[in-house]
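> Here it is, the structure, as structure tokens.
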Protein chains: 4
Amino acid sequence: MSKLLIQAGTITTAERSYIADILCIDGLIAEIGTNLDSSGAEIINAEGALVIPGGIDPHTHMELPFMGTTATEDFFTGTAAGFAGGNTTIIDFVIPGPRDSMLDAFHTWRGWAQKAAGDYAFHVAVTSWSDKISEEMGILVREHGVTSFKHFMAYKGALMVDDAIMLHSFARAKELGAICNIHAENGEAVAHLQQKLLAEGITGPEGHPLSRPPSVEGEAAQRVITIAGLLDMPVYIVHVSTEDATAAITRARAAGQRVYGEVLAQHLVIDESVYWNKDFAFAAAHVMSPPFRPKHHQKALWAGLASGALQTTATDHCCFCAPQKAGGIGDFTKIPNGTAGIEDRMSILWHEGVATGRLTPNEFVAITSTNTARIFGLMPAKGLIAVGADADLVVWDPTATRTISAKTHHQNVDFNVFEGRTVTGFARTTIAAGKIVWHNNTLHAIRGAGRYIKRRL
Amino acid sequence: MSKLLIQAGTITTAERSYIADILCIDGLIAEIGTNLDSSGAEIINAEGALVIPGGIDPHTHMELPFMGTTATEDFFTGTAAGFAGGNTTIIDFVIPGPRDSMLDAFHTWRGWAQKAAGDYAFHVAVTSWSDKISEEMGILVREHGVTSFKHFMAYKGALMVDDAIMLHSFARAKELGAICNIHAENGEAVAHLQQKLLAEGITGPEGHPLSRPPSVEGEAAQRVITIAGLLDMPVYIVHVSTEDATAAITRARAAGQRVYGEVLAQHLVIDESVYWNKDFAFAAAHVMSPPFRPKHHQKALWAGLASGALQTTATDHCCFCAPQKAGGIGDFTKIPNGTAGIEDRMSILWHEGVATGRLTPNEFVAITSTNTARIFGLMPAKGLIAVGADADLVVWDPTATRTISAKTHHQNVDFNVFEGRTVTGFARTTIAAGKIVWHNNTLHAIRGAGRYIKRRL
Amino acid sequence: MSKLLIQAGTITTAERSYIADILCIDGLIAEIGTNLDSSGAEIINAEGALVIPGGIDPHTHMELPFMGTTATEDFFTGTAAGFAGGNTTIIDFVIPGPRDSMLDAFHTWRGWAQKAAGDYAFHVAVTSWSDKISEEMGILVREHGVTSFKHFMAYKGALMVDDAIMLHSFARAKELGAICNIHAENGEAVAHLQQKLLAEGITGPEGHPLSRPPSVEGEAAQRVITIAGLLDMPVYIVHVSTEDATAAITRARAAGQRVYGEVLAQHLVIDESVYWNKDFAFAAAHVMSPPFRPKHHQKALWAGLASGALQTTATDHCCFCAPQKAGGIGDFTKIPNGTAGIEDRMSILWHEGVATGRLTPNEFVAITSTNTARIFGLMPAKGLIAVGADADLVVWDPTATRTISAKTHHQNVDFNVFEGRTVTGFARTTIAAGKIVWHNNTLHAIRGAGRYIKRRL
Amino acid sequence: MSKLLIQAGTITTAERSYIADILCIDGLIAEIGTNLDSSGAEIINAEGALVIPGGIDPHTHMELPFMGTTATEDFFTGTAAGFAGGNTTIIDFVIPGPRDSMLDAFHTWRGWAQKAAGDYAFHVAVTSWSDKISEEMGILVREHGVTSFKHFMAYKGALMVDDAIMLHSFARAKELGAICNIHAENGEAVAHLQQKLLAEGITGPEGHPLSRPPSVEGEAAQRVITIAGLLDMPVYIVHVSTEDATAAITRARAAGQRVYGEVLAQHLVIDESVYWNKDFAFAAAHVMSPPFRPKHHQKALWAGLASGALQTTATDHCCFCAPQKAGGIGDFTKIPNGTAGIEDRMSILWHEGVATGRLTPNEFVAITSTNTARIFGLMPAKGLIAVGADADLVVWDPTATRTISAKTHHQNVDFNVFEGRTVTGFARTTIAAGKIVWHNNTLHAIRGAGRYIKRRL
């Protein structure tokens with residue numbers, strides 16, 4: 001019997017904050033109270049610190065094969081880096097090609113993920129439509145605990161689906177009780193602008209944001225909201241990066257529709273000026289979709305989180321190193337899309353969100369774990385601090401500072417988009433399934449210790 | 001030399017109102033002033049009445065082959081009925097099939113239109129994309145005075161174009177200086193809902209509005225506005241029928257984009273309850289796309305006209321008789337889409353717009369002719385009362401009333417969607433190219449007297 | 001030692017739902033778990049039912065002297081009726097006259113409230129401005145646990161404050177860490193319209209809504225939001241009844257401002273047609289401010305609750321009987337303003353909110369207690385189900401139905417605005433401070449058992 | 001008989017553009033046509049230039065006594081400087097003190113204005129309420145052609161009126177058929193912020209914008225729109241300077257309300273950074289209310305003009321020289337409010353509006369004269385180029401450039417807020433009442449030649 005006692009921390013949930021001890025036994029929270037019996041337990045003193053539910057990153061792409069290369073961060077290194085940043089669970093994406101079996105792809109990803117140190121679940125992408133896809137969706141929901149399906153409105157010629165496919169897939173998901181996720185960018189418009197820019201001789205990284213202006217996201221968000229509304233079902237828009245999409249979501253919610261929006265930590269603090277940096281490697285390292293935006297969009301995203309129009313935060317963690325990014329020299333459309341973030345999301349949100357007064361500590365918990373657990377069926381095991389829940393906990397030091405750098409981070413990538421930022425708010429200790437996996441700046445991640453989490457409808 | 005003198009009317013233009021005589025010579029306005037010399041002139045006493053520019057209907061479909069049948073109103077009967085309603089010019093649509101040559105289609109329509117009694121121009125539809133289409137667009141603009149191109153986002157499997165085609169076509173139109181028109185409804189969503197409704201056993205006319213809810217139009221309007229915005233060009237949305245689309249237009253205009261919206265007289269006063277009428281013939285007679293809407297949308301449309309968010313009014317005049325409409329018994333998707341309106345638009349707008357105080361007489365002129373002439377390159381011949389302009393004039397009696405009925409109308413169709421309405425505001429005399437073509441309730445339309453109008457960029 | 005054990009209910013909080021027992025000892029929740037020891041405890045079997053935190057009504061006016069009469073419901077009868085409806089706490093209002101001492105008024109109300117059966121707190125109204133008021137605000141916050149101040153923008157010549165007073169009072173409240181509540185209606189406009197209507201001979205109850213159109217509330221909401229924004233502080237708008245005010249709140253939140261909105265159960269389901277009822281007594285019984293609204297406003301309010309733009313629900317419970325209402329025969333401005341609701345709020349919200357799918361059970365808890373406790377400083381004693389919290393609990397039967405009627409309700413008033421509605425969702429047992437106060441349709445309310453609750457900043 | 005012939009210019013009105021000659025006889029336009037007989041006429045060759053209606057500035061304050069001093073520009077110098085900028089008419093403001101007779105004040109201003117070189121009309125301000133004011137409003141409308149009344153929501157303790165006064169005054173204006181103008185800033189909020197800033201030691205010009213943030217204008221705009229809406233009448237908001245107010249106007253118009261907005265040339269191109277200039281004289285020279293704004297507001301104002309949400313442009317021309325401005329050293333609230341602009345409005349609008357593609361030449365005419373003439377009852381004499389209209393014309397060179405400077409301007413003030421800007425678009429010749437008053441960079445203004453213009457309802 002493994003016992004761990006976290007003493008005297010300020011337990012901070014989405015609901016409230018209070019001081020108490022937490023006793024974890026065999027991976028679960030066994031007791032919460034004051035002056036709990038410490039006999040036989042490993043003790044962590046959390047006095048003066050917060051104890052929060054382990055962060056959940058609902059949007060990662062570990063070891064993803066994409067754009068002719070493979071993301072460098074694998075399920076082991078990625079979940080381990082997540083521990084260092086206060087995360088205990090990820091939801092990654094199974095992405096079959098348009099001609100692939102969803103189930104085959106699911107099993108492939110399950111195989112890759114065996115090495116994970118932390119718990120994980122999967123969204124599965126719908127990239128084409130057929131009776132077989134429809135049938136496989138049913139199997140995934142009923143047998144494999146996959147309760148969410150991803151749709152790409154961008155990446156023409158690769159993963160993009162059109163409105164007809166979305167209508168089919170959404171209708172099927174509704175039947176199954178699953179929720180749909182959408183990458184909202186008008187892929188036809190992006191492709192058109194890419195060709196136009198290349199034809200005009202704009203080949204550098206600045207072509208990336210120029211080919212994906214904010215309205216391209218706003219339009220797609222409005223479209224998918226309309227489609228979900230026609231079918232009378234909720235919808236979840238990933239990586240909302242613009243005032244335009246946030247406004248579309250806000251309008252829909254004000255009309256009574258259930259629309260959820262996710263924000264990446266990166267979009268909250270980085271703006272599009274990075275793409276005009278003269279160093280190709282620097283600019284290319286920031287290439288992801290949607291791209292970084294003019295600064296005023298950040299205000300809308302923060303307000304969206306504070307107002308409740310946007311509910312979750314993620315990272316779209318997808319790592320490509322400089323040699324991979326270099327594949328796009330001379331043609332920005334060939335730069336592998338992706339940035340890292342899993343290790344820094346929680347700190348960025350605390351530093352820029354809580355320390356600035358934009359968010360309360362309880363809201364911080366809501367948007368880093370609880371809301372995600374509720375929307376994606378991870379409750380009651382995750383996103384809570386409650387007796388019976390998984391002992392996924394973080395001792396969060398609200399005043400400790402650190403300076404982010406690729407030199408010191410644990411992510412398996414050579415660049416950090418937050419390089420040089422000194423942030424307040426630090427995961428002093430991370431506990432996953434009752435085990436200390438990060439403490440005193442030291443990782444104790446165990447390859448393969450992570451569990452696949454079947455989700456509930 | 002043909003001389004016509006209109007005496008002492010209140011000349012009412014988009015700009016102002018004043019009392020004066022108008023002397024027309026050989027089809028043009030020769031002089032405006034007080035106490036003009038009447039020698040040798042036919043005289044019309046307009047005292048107490050308004051004299052306005054002849055109405056321009058920018059959206060008609062005379063003798064259109066559509067949905068397996070052909071519209072009953074031809075260019076002669078249609079333009080003649082237009083005279084009776086105070087119209088002197090129409091802009092009709094050349095609609096090639098996806099595999100047809102635009103130029104061939106243009107010449108086909110030109111042939112049909114030889115019989116027109118009134119002046120006409122053509123928008124030409126882009127229903128597919130190829131280098132040939134691109135080339136033909138150039139020829140149409142440069143050689144044939146076609147300065148506007150139509151795009152259908154609805155009618156899947158027939159006329160519908162996707163975003164990729166619109167991006168190509170819009171970019172080409174911009175190059176040529178032409179303007180793009182759009183029928184904004186998400187055709188994929190409509191098709192999906194049609195199939196769903198039919199599968200559920202909803203086969204009657206009520207399936208028509210149920211398969212095309214307001215958001216389907218709002219979404220498409222937002223999408224095409226986004227596309228035009230990306231290409232930095234104006235765009236014109238035909239038959240705006242919803243608060244949703246009006247709001248999208250208003251938002252775009254408030255952000256500095258040039259977006260134009262057209263409203264049909266029918267949508268301003270008829271609501272969707274007609275489709276639940278138990279008489280199939282009655283309900284089917286109202287089937288057009290977009291369909292009639294819940295009543296509150298009308299308020300948004302009127303406000304749009306008053307505020308300037310919407311600029312023009314039209315009818316989408318497209319006549320199918322009961323036997324044709326009967327083709328959709330048992331399957332609402334087979335009811336030919338279309339309603340008549342050209343004879344009544346001006347009266348409806350005066351009665352419900354000016355007489356109610358929603359619009360001034362000058363605004364009435366702006367939205368029935370002047371704005372259309374300006375947007376579509378018909379100035380300075382049309383849409384004005386000015387020396388040198390075409391003598392297309394209407395003596396408008398602001399107080400005369402009539403009761404609309406299919407029994408008495410001049411339109412070649414067996415139904416009138418305004419049946420039984422008594423309206424104030426009446427085209428007492430219509431003058432086209434200096435000739436009296438409608439007077440004392442009598443038509444003097446001459447087959448073939450209408451001219452094709454090449455438009456200016 | 002008093003012990004009460006609630007067995008096997010589905011504990012439903014704002015955060016989540018789970019099945020467990022709750023042991024209450026001496027008025028507090030002592031333990032939550034499965035199969036808790038029942039020795040010595042009174043047992044309530046909650047199997048198949050929900051156990052929720054006791055409802056908190058943040059807006060009541062027990063025995064209020066108003067418009068020349070006094071509300072018939074006193075603190076005893078009112079809190080008792082609250083028990084029957086699943087409420088365990090109210091926040092009432094101390095309303096000094098413009099020339100009165102706030103402290104004196106506070107003590108007067110404290111005296112009246114001695115008879116309360118349930119717990120209560122007070123907002124205190126600012127109805128004038130002076131150094132003394134400023135000083136008394138400080139005393140109320142620091143010594144009496146009053147952390148919220150009310151401001152009336154309506155009731156000209158009585159309670160109304162102008163912008164200058166609000167600016168002073170808000171600035172002082174910010175200094176003290178207190179929150180401001182606002183009744184948002186433009187009182188000058190109301191007074192103007194009242195005089196105009198009376199002058200036109202409109203003296204009946206229909207004059208009430210005609211003198212307080214929706215825009216009067218929307219304007220005031222926008223104004224007070226602006227004022228709070230200038231001072232960079234949160235603000236709470238009571239009884240939001242219109243789409244206009246909801247939109248103003250939504251806009252402000254989307255811009256990053258902290259604005260809270262409260263909705264009355266009455267406004268969610270009753271529309272303005274009641275005022276045109278020919279029976280004066282019926283119409284007058286519905287007179288309250290803001291008045292009931294055209295039906296479409298209800299949609300905006302429900303959407304506001306679901307989206308999070310509006311956070312709390314209340315009743316503005318303020319009872320006047322027919323003879324009192326009759327004082328306004330011949331002059332609608334003299335009808336005492338107020339309706340009852342405390343006994344029915346929770347059922348109305350469950351029936352129309354949860355049973356219809358608009359809200360989840362967790363959201364139901366959030367808007368009936370948790371959010372109110374958080375905003376008004378009642379945590380951690382109220383609004384939660386947690387060890388150490390007050391044992392204020394309701395066994396909520398989600399399927400039981402009852403028909404609302406003044407004949408059977410426990411409120412001390414002769415009319416029920418929900419008369420005749422059969423609603424699903426019923427407070428089977430209400431427990432206040434660990435005591436059963438309502439069970440098997442029987443009240444066990446004890447005069448004077450209620451406690452004054454000092455609130456936290 | 002005085003004859004003037006303007007040959008071959010491109011006559012540009014709000015409606016259209018065409019090439020023709022204009023013959024002016026005895027102060028009126030006598031004939032418009034091609035190849036007009038030039039015998040006996042002074043000839044102006046306008047080939048290659050536009051001929052537009054003389055600009056109308058609907059918002060000037062010549063020789064205004066304000067804040068303890070008097071504006072340096074008098075009616076003669078001011079209207080003369082207007083000629084140099086292409087203006088032929090102004091509408092100035094009669095501003096009685098709260099205890100003054102409106103009629104007395106009107107006659108006082110009429111006296112001052114005797115010296116004007118150009119035509120002028122007056123708005124009259126309502127600064128208090130009484131039966132006498134109500135009666136005088138009637139006399140002004142019926143006997144003196146004053147058809148618009150001004151209301152200040154700002155300037156607490158001086159000109160400010162509260163909602164009660166506005167309701168009275170608006171209702172009276174509606175009765176009379178007059179239109180109300182409003183300076184929309186919440187004066188209570190401004191006064192509060194002024195005191196707060198001064199108390200904090202912020203005494204320099206930067207205190208000016210800090211005490212009048214954008215929301216203060218947005219709120220007041222919304223409020224006055226609501227009041228006008230309650231009374232079902234149009235309203236005109238002067239010097240709209242913010243996105244906030246523009247959005248309020250746009251929303252009201254989209255709901256069907258008639259709301260007009262005016263923009264100052266200054267607000268379109270100058271931003272608030274001027275107030276942080278270290279040179280007090282420079283910063284103070286820019287002090288006017290509303291103040292200059294963060295740059296993004298300009299985008300909203302331009303879009304408002306292009307979309308039609310805003311209809312007119314003005315200058316609020318009100319000149320104070322450095323020694324006057326110096327009265328506010330050490331206390332920004334004592335800096336006389338006002339900037340000059342009448343000479344440069346038209347050039348700024350052409351250069352930044354037409355030359356950039358934001359506006360068409362016809363829209364330029366609409367917003368510099370025609371719309372103003374229509375809204376304020378100056379038609380058919382002003383705002384048109386039509387036979388019978390006043391011969392108030394400008395030969396506008398669309399390509400000529402000049403550099404604006406206080407050293408060369410004709411305004412009687414020592415500062416120019418547009419100093420150093422090189423602008424394209426120039427009033428080559430200005431003709432007022434058929435007389436050349438500005439030509440070849442030379443003024444021919446005649447003291448007292450201006451006429452008081454009675455306006456029509």
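Lettering and numbering for the structure tokens are positional, with chains as A, B, ... in the shown order, residues counted from 1 in each chain, and ligands counted from 1 in the shown order.
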Could you tell me which residues of chain D sit within 6 Å of chain C when counting only C-alpha atoms, and give me the result as a ChimeraX atom specification?

/D:164,188,219,223

> Determine, counting only C-alpha atoms, which protein, DNA and RNA residues have an atom within 7 Å of an atom of Val146 of chain B; residues of the same chain fewer than 2 positions away are not included. Present the result as a PDB file with N, CA, C and O atoms, in the first residue's frame.


```
ATOM      1  N   PHE B 122     -27.534  42.006 -68.402  1.00  0.00           N
ATOM      2  CA  PHE B 122     -27.343  40.649 -67.867  1.00  0.00           C
ATOM      3  C   PHE B 122     -26.190  40.567 -66.872  1.00  0.00           C
ATOM      4  O   PHE B 122     -25.099  41.084 -67.129  1.00  0.00           O
ATOM      5  N   HIS B 123     -26.466  39.923 -65.756  1.00  0.00           N
ATOM      6  CA  HIS B 123     -25.403  39.315 -64.965  1.00  0.00           C
ATOM      7  C   HIS B 123     -25.142  37.949 -65.607  1.00  0.00           C
ATOM      8  O   HIS B 123     -26.070  37.328 -66.125  1.00  0.00           O
ATOM      9  N   LEU B 140     -16.563  38.962 -71.823  1.00  0.00           N
ATOM     10  CA  LEU B 140     -17.862  39.511 -71.433  1.00  0.00           C
ATOM     11  C   LEU B 140     -17.737  40.936 -70.900  1.00  0.00           C
ATOM     12  O   LEU B 140     -18.537  41.814 -71.220  1.00  0.00           O
ATOM     13  N   VAL B 141     -16.721  41.142 -70.096  1.00  0.00           N
ATOM     14  CA  VAL B 141     -16.538  42.482 -69.524  1.00  0.00           C
ATOM     15  C   VAL B 141     -16.160  43.477 -70.615  1.00  0.00           C
ATOM     16  O   VAL B 141     -16.760  44.544 -70.750  1.00  0.00           O
ATOM     17  N   HIS B 144     -18.833  42.977 -74.065  1.00  0.00           N
ATOM     18  CA  HIS B 144     -20.287  42.892 -73.978  1.00  0.00           C
ATOM     19  C   HIS B 144     -20.910  43.676 -72.844  1.00  0.00           C
ATOM     20  O   HIS B 144     -22.114  43.574 -72.612  1.00  0.00           O
ATOM     21  N   SER B 148     -20.899  42.213 -64.061  1.00  0.00           N
ATOM     22  CA  SER B 148     -21.183  41.534 -62.792  1.00  0.00           C
ATOM     23  C   SER B 148     -21.364  40.043 -63.047  1.00  0.00           C
ATOM     24  O   SER B 148     -21.938  39.642 -64.050  1.00  0.00           O
ATOM     25  N   LYS B 454     -25.330  47.724 -72.471  1.00  0.00           N
ATOM     26  CA  LYS B 454     -23.947  47.443 -72.061  1.00  0.00           C
ATOM     27  C   LYS B 454     -23.649  48.299 -70.853  1.00  0.00           C
ATOM     28  O   LYS B 454     -23.921  49.502 -70.854  1.00  0.00           O
ATOM     29  N   ARG B 455     -23.062  47.695 -69.872  1.00  0.00           N
ATOM     30  CA  ARG B 455     -22.796  48.468 -68.672  1.00  0.00           C
ATOM     31  C   ARG B 455     -21.350  48.930 -68.590  1.00  0.00           C
ATOM     32  O   ARG B 455     -20.471  48.414 -69.269  1.00  0.00           O
TER      33      ARG B 455
END
```

> Fewer than 6 positions away in the same chain doesn't count, so skip those; otherwise give me all residues within 8 Å of Ala228 of chain B, counting only C-alpha atoms, as a list in words.

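My list of contacting residues is Phe170, Pro234 and Val235 of chain B.
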
> List the spatial neighbours of Tyr18 of chain B as a ChimeraX atom specification - criterion: any atom at most 10 Å away, only C-alpha atoms, same-chain residues fewer than 4 positions off excluded.

/B:8-13,50-51 /D:380

> Let me see the file: selected residues, N, CA, C and O atoms, as a short mmCIF file (atom, residue, chain, number, x, y, z; two decimals), in the first residue's frame.


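result.cif written:
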```cif
data_model
loop_
_atom_site.label_atom_id
_atom_site.label_comp_id
_atom_site.auth_asym_id
_atom_site.auth_seq_id
_atom_site.Cartn_x
_atom_site.Cartn_y
_atom_site.Cartn_z
N ALA B 8 -45.12 69.81 -64.11
CA ALA B 8 -45.45 70.18 -62.74
C ALA B 8 -45.47 69.05 -61.73
O ALA B 8 -46.10 69.15 -60.67
N GLY B 9 -44.78 67.98 -62.04
CA GLY B 9 -44.67 66.90 -61.05
C GLY B 9 -43.63 67.25 -59.99
O GLY B 9 -42.82 68.17 -60.18
N THR B 10 -43.68 66.55 -58.89
CA THR B 10 -42.64 66.71 -57.88
C THR B 10 -41.53 65.73 -58.25
O THR B 10 -41.62 64.52 -57.99
N ILE B 11 -40.51 66.28 -58.88
CA ILE B 11 -39.40 65.43 -59.30
C ILE B 11 -38.70 64.91 -58.05
O ILE B 11 -38.27 65.70 -57.20
N THR B 12 -38.63 63.62 -57.94
CA THR B 12 -38.10 63.02 -56.73
C THR B 12 -36.96 62.10 -57.10
O THR B 12 -37.14 61.08 -57.78
N THR B 13 -35.77 62.49 -56.68
CA THR B 13 -34.60 61.67 -56.94
C THR B 13 -34.04 61.17 -55.61
O THR B 13 -34.57 61.47 -54.55
N LEU B 50 -45.60 62.40 -57.95
CA LEU B 50 -44.15 62.42 -58.02
C LEU B 50 -43.72 61.99 -59.42
O LEU B 50 -44.44 61.23 -60.09
N VAL B 51 -42.59 62.50 -59.84
CA VAL B 51 -41.96 61.94 -61.03
C VAL B 51 -40.63 61.34 -60.58
O VAL B 51 -39.80 62.04 -59.99
N PRO D 380 -33.52 73.42 -50.62
CA PRO D 380 -32.73 73.09 -51.81
C PRO D 380 -31.70 74.15 -52.15
O PRO D 380 -31.09 74.07 -53.20
#
```

> Which is closest to Thr60 of chain C among C:Gly357, C:Pro209, C:Gly82, C:Gly450, if we use only C-alpha atoms?

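Among the listed residues, the smallest separation from Thr60 of chain C belongs to C:Gly82.
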
> Fewer than 5 positions away in the same chain doesn't count, so skip those; otherwise give me all residues within 7 Å of segment 86-95 of chain B, counting only C-alpha atoms, as a PyMOL selection string.

chain B and resi 54-61+105-106+109+118-125+346+392+394+427+430+432

> Could you pull out the strand (DSSP E) residues of segment 207-293 of chain C, going by DSSP on the backbone, and write them as a list of chain:residue names?

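Strand (DSSP E) assignments inside segment 207-293 of chain C correspond to C:Val235, C:Tyr236, C:Ile237, C:Val259, C:Tyr260, C:Gly261, C:Glu262, C:Val263, C:Leu264.
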